[in-house]
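*Asks:* The structure under discussion is supplied below as structure tokens; questions concerning it will follow.
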Amino acid sequence: MTQVDYETVAAKYRPIFDRIAESAVQREQDRVLPYEQIGWLKDAGFGAARIPVEFGGDGLSWPQFSRLLIELGTADSNIPQALRAHTALVEEHLFHHSKHDRSVWFERFAAGQIAGNAWTEPGAGGTATVLEETAEGLRLTGRKFYTTGTIFADWIDATAQRPDGSTVSVTVSTKADGVTTFDDWDGFGQRLTGSGTTIFESAHVEPEHVSDFETRFPYQTALFQQILLITLAGIGKAVQRDVADAVRERKRAFSHGNADLVRYDAQVQQVVGEITAKVYAAEATTIRVAESLERAYQTRLLDDEAQVDGKIAAELESGQGQIVLSNIIPEVAGALFNVLGASSTSAGRALDRHWRNARTVATHNPFIYKARVIGDWVINGNEPPYVWSIGVQKKQQKETDDGGVPVAAGQTAG
């Protein structure tokens, strides 16, 4: 992929980011999903930012694309996460294009089509969604939750099982008969990502839109985590922006403060400086992980051993980034209230959205387990896991079957 000038590409999208930011607070307060805002991005070709220029995209590398998504996340943290599955499906086709022509998908993405996801299922865990061959062709039946971004999308990147038990990746049109998506995500943060339920009722699937799950591009788990790091970094930059603006404009000061104007109060300046430093570290970490993803992407032209090395490095680096950002960005989002006082809790300003959003993103794929995985690698050299699910484990299921107390199953957000 030919290196392009970042500022030239970013300049095309920044006016749209500004428009998105203008309505972010109002949409948060009224819980209005960003259909219109994502439509602006689709029309501008944002979904093809990683696609090579010769196929109508912007040709951005992973570090460049991460910078662009951080800018978008600063405007509205919901939107990079809503595009998370789309980013992964684009990468799937980019990675395999050197061996199998994926230009048809590149053309779709360049035309503004985007994808959502349908991987996670409620209940006991695993994949109960079934892809079957019928007299009318392939049909998909099942129920998925945390289908982030699907409500805005043209395509759905789904997982399913064939009757023989093999797991497959399935790309389904959102316009296919039997596909229904609900906005029933009820989290206290990232409320506008469209992370609700999608139901497939004998939905039609084209045979060419099915592949073995095990052939997916090798670093996809790290990529999914990277989008969450990007989202956290964007939240941090939004906090830095909002706290600086609020302090600069503030006229009232505490009688026991250190200056007549809060903007000149040394203690307030210190807190804002600490916020800024943590946001700097978060963004730098995110870009460092992006470099690891770029190296993993470049292994598509190399042998299997190089691809394994690339995915291990990307997984470990994204996990380390997750551990750090999952702590410091919620801290940053809470610290702004220390300098702005009780008036900052006004619902009209919606500053609490930054902490709620950061805390919600930080719950994904619990970082306490990532810390253990990294420690195991450093100490014992054990390779990290790349695919996991959540649900009733076998031992717990047996206890339930034997009449014990059932253990509730849950899922991590998409």
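Residues in the structure tokens are numbered from 1 in each chain, the chains being A, B, ... in the order shown, and ligands are numbered from 1 in the order shown.
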From segment 47-82 of chain A, collect each residue whose DSSP state is alpha helix (DSSP H) and return the set as a ChimeraX atom specification.
*Replies:* /A:62-75,78-82
*Asks:* Generate a file of the selected residues that holds N, CA and C atoms, formatted as a short mmCIF file (atom, residue, chain, number, x, y, z; two decimals), in the first residue's frame.
*Replies:*
data_model
loop_
_atom_site.label_atom_id
_atom_site.label_comp_id
_atom_site.auth_asym_id
_atom_site.auth_seq_id
_atom_site.Cartn_x
_atom_site.Cartn_y
_atom_site.Cartn_z
N TRP A 62 -2.09 1.70 9.00
CA TRP A 62 -2.75 1.58 10.31
C TRP A 62 -2.45 2.75 11.25
N PRO A 63 -1.20 3.20 11.34
CA PRO A 63 -0.97 4.39 12.19
C PRO A 63 -1.75 5.61 11.71
N GLN A 64 -1.82 5.81 10.40
CA GLN A 64 -2.58 6.95 9.88
C GLN A 64 -4.07 6.80 10.15
N PHE A 65 -4.58 5.62 9.89
CA PHE A 65 -6.01 5.38 10.09
C PHE A 65 -6.38 5.52 11.57
N SER A 66 -5.50 5.08 12.45
CA SER A 66 -5.76 5.21 13.89
C SER A 66 -5.83 6.68 14.28
N ARG A 67 -4.93 7.49 13.75
CA ARG A 67 -4.97 8.93 14.04
C ARG A 67 -6.30 9.53 13.58
N LEU A 68 -6.76 9.11 12.39
CA LEU A 68 -8.01 9.64 11.86
C LEU A 68 -9.20 9.22 12.72
N LEU A 69 -9.20 7.97 13.16
CA LEU A 69 -10.29 7.50 14.02
C LEU A 69 -10.27 8.17 15.39
N ILE A 70 -9.09 8.48 15.90
CA ILE A 70 -9.01 9.22 17.17
C ILE A 70 -9.64 10.59 17.00
N GLU A 71 -9.39 11.24 15.87
CA GLU A 71 -10.03 12.55 15.62
C GLU A 71 -11.55 12.39 15.59
N LEU A 72 -12.03 11.34 14.94
CA LEU A 72 -13.47 11.09 14.90
C LEU A 72 -14.00 10.79 16.30
N GLY A 73 -13.26 9.99 17.07
CA GLY A 73 -13.68 9.65 18.43
C GLY A 73 -13.71 10.84 19.36
N THR A 74 -12.87 11.83 19.08
CA THR A 74 -12.90 13.07 19.87
C THR A 74 -14.21 13.82 19.61
N ALA A 75 -14.70 13.73 18.39
CA ALA A 75 -15.97 14.38 18.05
C ALA A 75 -17.15 13.62 18.64
N ASN A 78 -18.94 7.33 20.14
CA ASN A 78 -19.79 6.23 19.71
C ASN A 78 -19.47 5.74 18.30
N ILE A 79 -19.04 6.66 17.45
CA ILE A 79 -18.98 6.34 16.03
C ILE A 79 -17.81 5.43 15.67
N PRO A 80 -16.58 5.63 16.18
CA PRO A 80 -15.54 4.64 15.86
C PRO A 80 -15.92 3.23 16.30
N GLN A 81 -16.58 3.11 17.44
CA GLN A 81 -17.00 1.78 17.89
C GLN A 81 -18.10 1.24 16.99
N ALA A 82 -19.00 2.10 16.54
CA ALA A 82 -20.06 1.65 15.63
C ALA A 82 -19.48 1.14 14.31
#
*Asks:* Using 10 Å as the limit and counting only C-alpha atoms, can you tabulate each residue of segment 34-127 of chain A that touches segment 191-215 of chain A, with its shortest atom-to-atom distance in Å and the two atoms involved, as JSON lines?
*Replies:*
{"residue": "A:Pro34", "atom": "CA", "partner": "A:Leu192", "partner_atom": "CA", "distance": 6.9}
{"residue": "A:Tyr35", "atom": "CA", "partner": "A:Leu192", "partner_atom": "CA", "distance": 9.7}
{"residue": "A:Asp76", "atom": "CA", "partner": "A:Leu192", "partner_atom": "CA", "distance": 9.5}
{"residue": "A:Ser77", "atom": "CA", "partner": "A:Thr193", "partner_atom": "CA", "distance": 8.8}
{"residue": "A:Asn78", "atom": "CA", "partner": "A:Thr193", "partner_atom": "CA", "distance": 5.1}
{"residue": "A:Ile79", "atom": "CA", "partner": "A:Thr193", "partner_atom": "CA", "distance": 6.5}
{"residue": "A:Pro80", "atom": "CA", "partner": "A:Thr193", "partner_atom": "CA", "distance": 8.6}
{"residue": "A:Gln81", "atom": "CA", "partner": "A:Thr193", "partner_atom": "CA", "distance": 6.5}
{"residue": "A:Ala82", "atom": "CA", "partner": "A:Thr193", "partner_atom": "CA", "distance": 4.8}
{"residue": "A:Leu83", "atom": "CA", "partner": "A:Thr193", "partner_atom": "CA", "distance": 8.6}
{"residue": "A:Arg84", "atom": "CA", "partner": "A:Thr193", "partner_atom": "CA", "distance": 9.8}
{"residue": "A:Glu92", "atom": "CA", "partner": "A:Thr215", "partner_atom": "CA", "distance": 9.5}
{"residue": "A:His96", "atom": "CA", "partner": "A:Thr215", "partner_atom": "CA", "distance": 9.4}
{"residue": "A:Gly116", "atom": "CA", "partner": "A:Gly194", "partner_atom": "CA", "distance": 9.3}
{"residue": "A:Asn117", "atom": "CA", "partner": "A:Thr198", "partner_atom": "CA", "distance": 9.2}
{"residue": "A:Ala118", "atom": "CA", "partner": "A:Thr198", "partner_atom": "CA", "distance": 7.0}
{"residue": "A:Trp119", "atom": "CA", "partner": "A:Thr198", "partner_atom": "CA", "distance": 10.0}
{"residue": "A:Thr120", "atom": "CA", "partner": "A:Thr197", "partner_atom": "CA", "distance": 9.7}
{"residue": "A:Glu121", "atom": "CA", "partner": "A:Thr197", "partner_atom": "CA", "distance": 9.1}
{"residue": "A:Pro122", "atom": "CA", "partner": "A:Thr197", "partner_atom": "CA", "distance": 9.4}
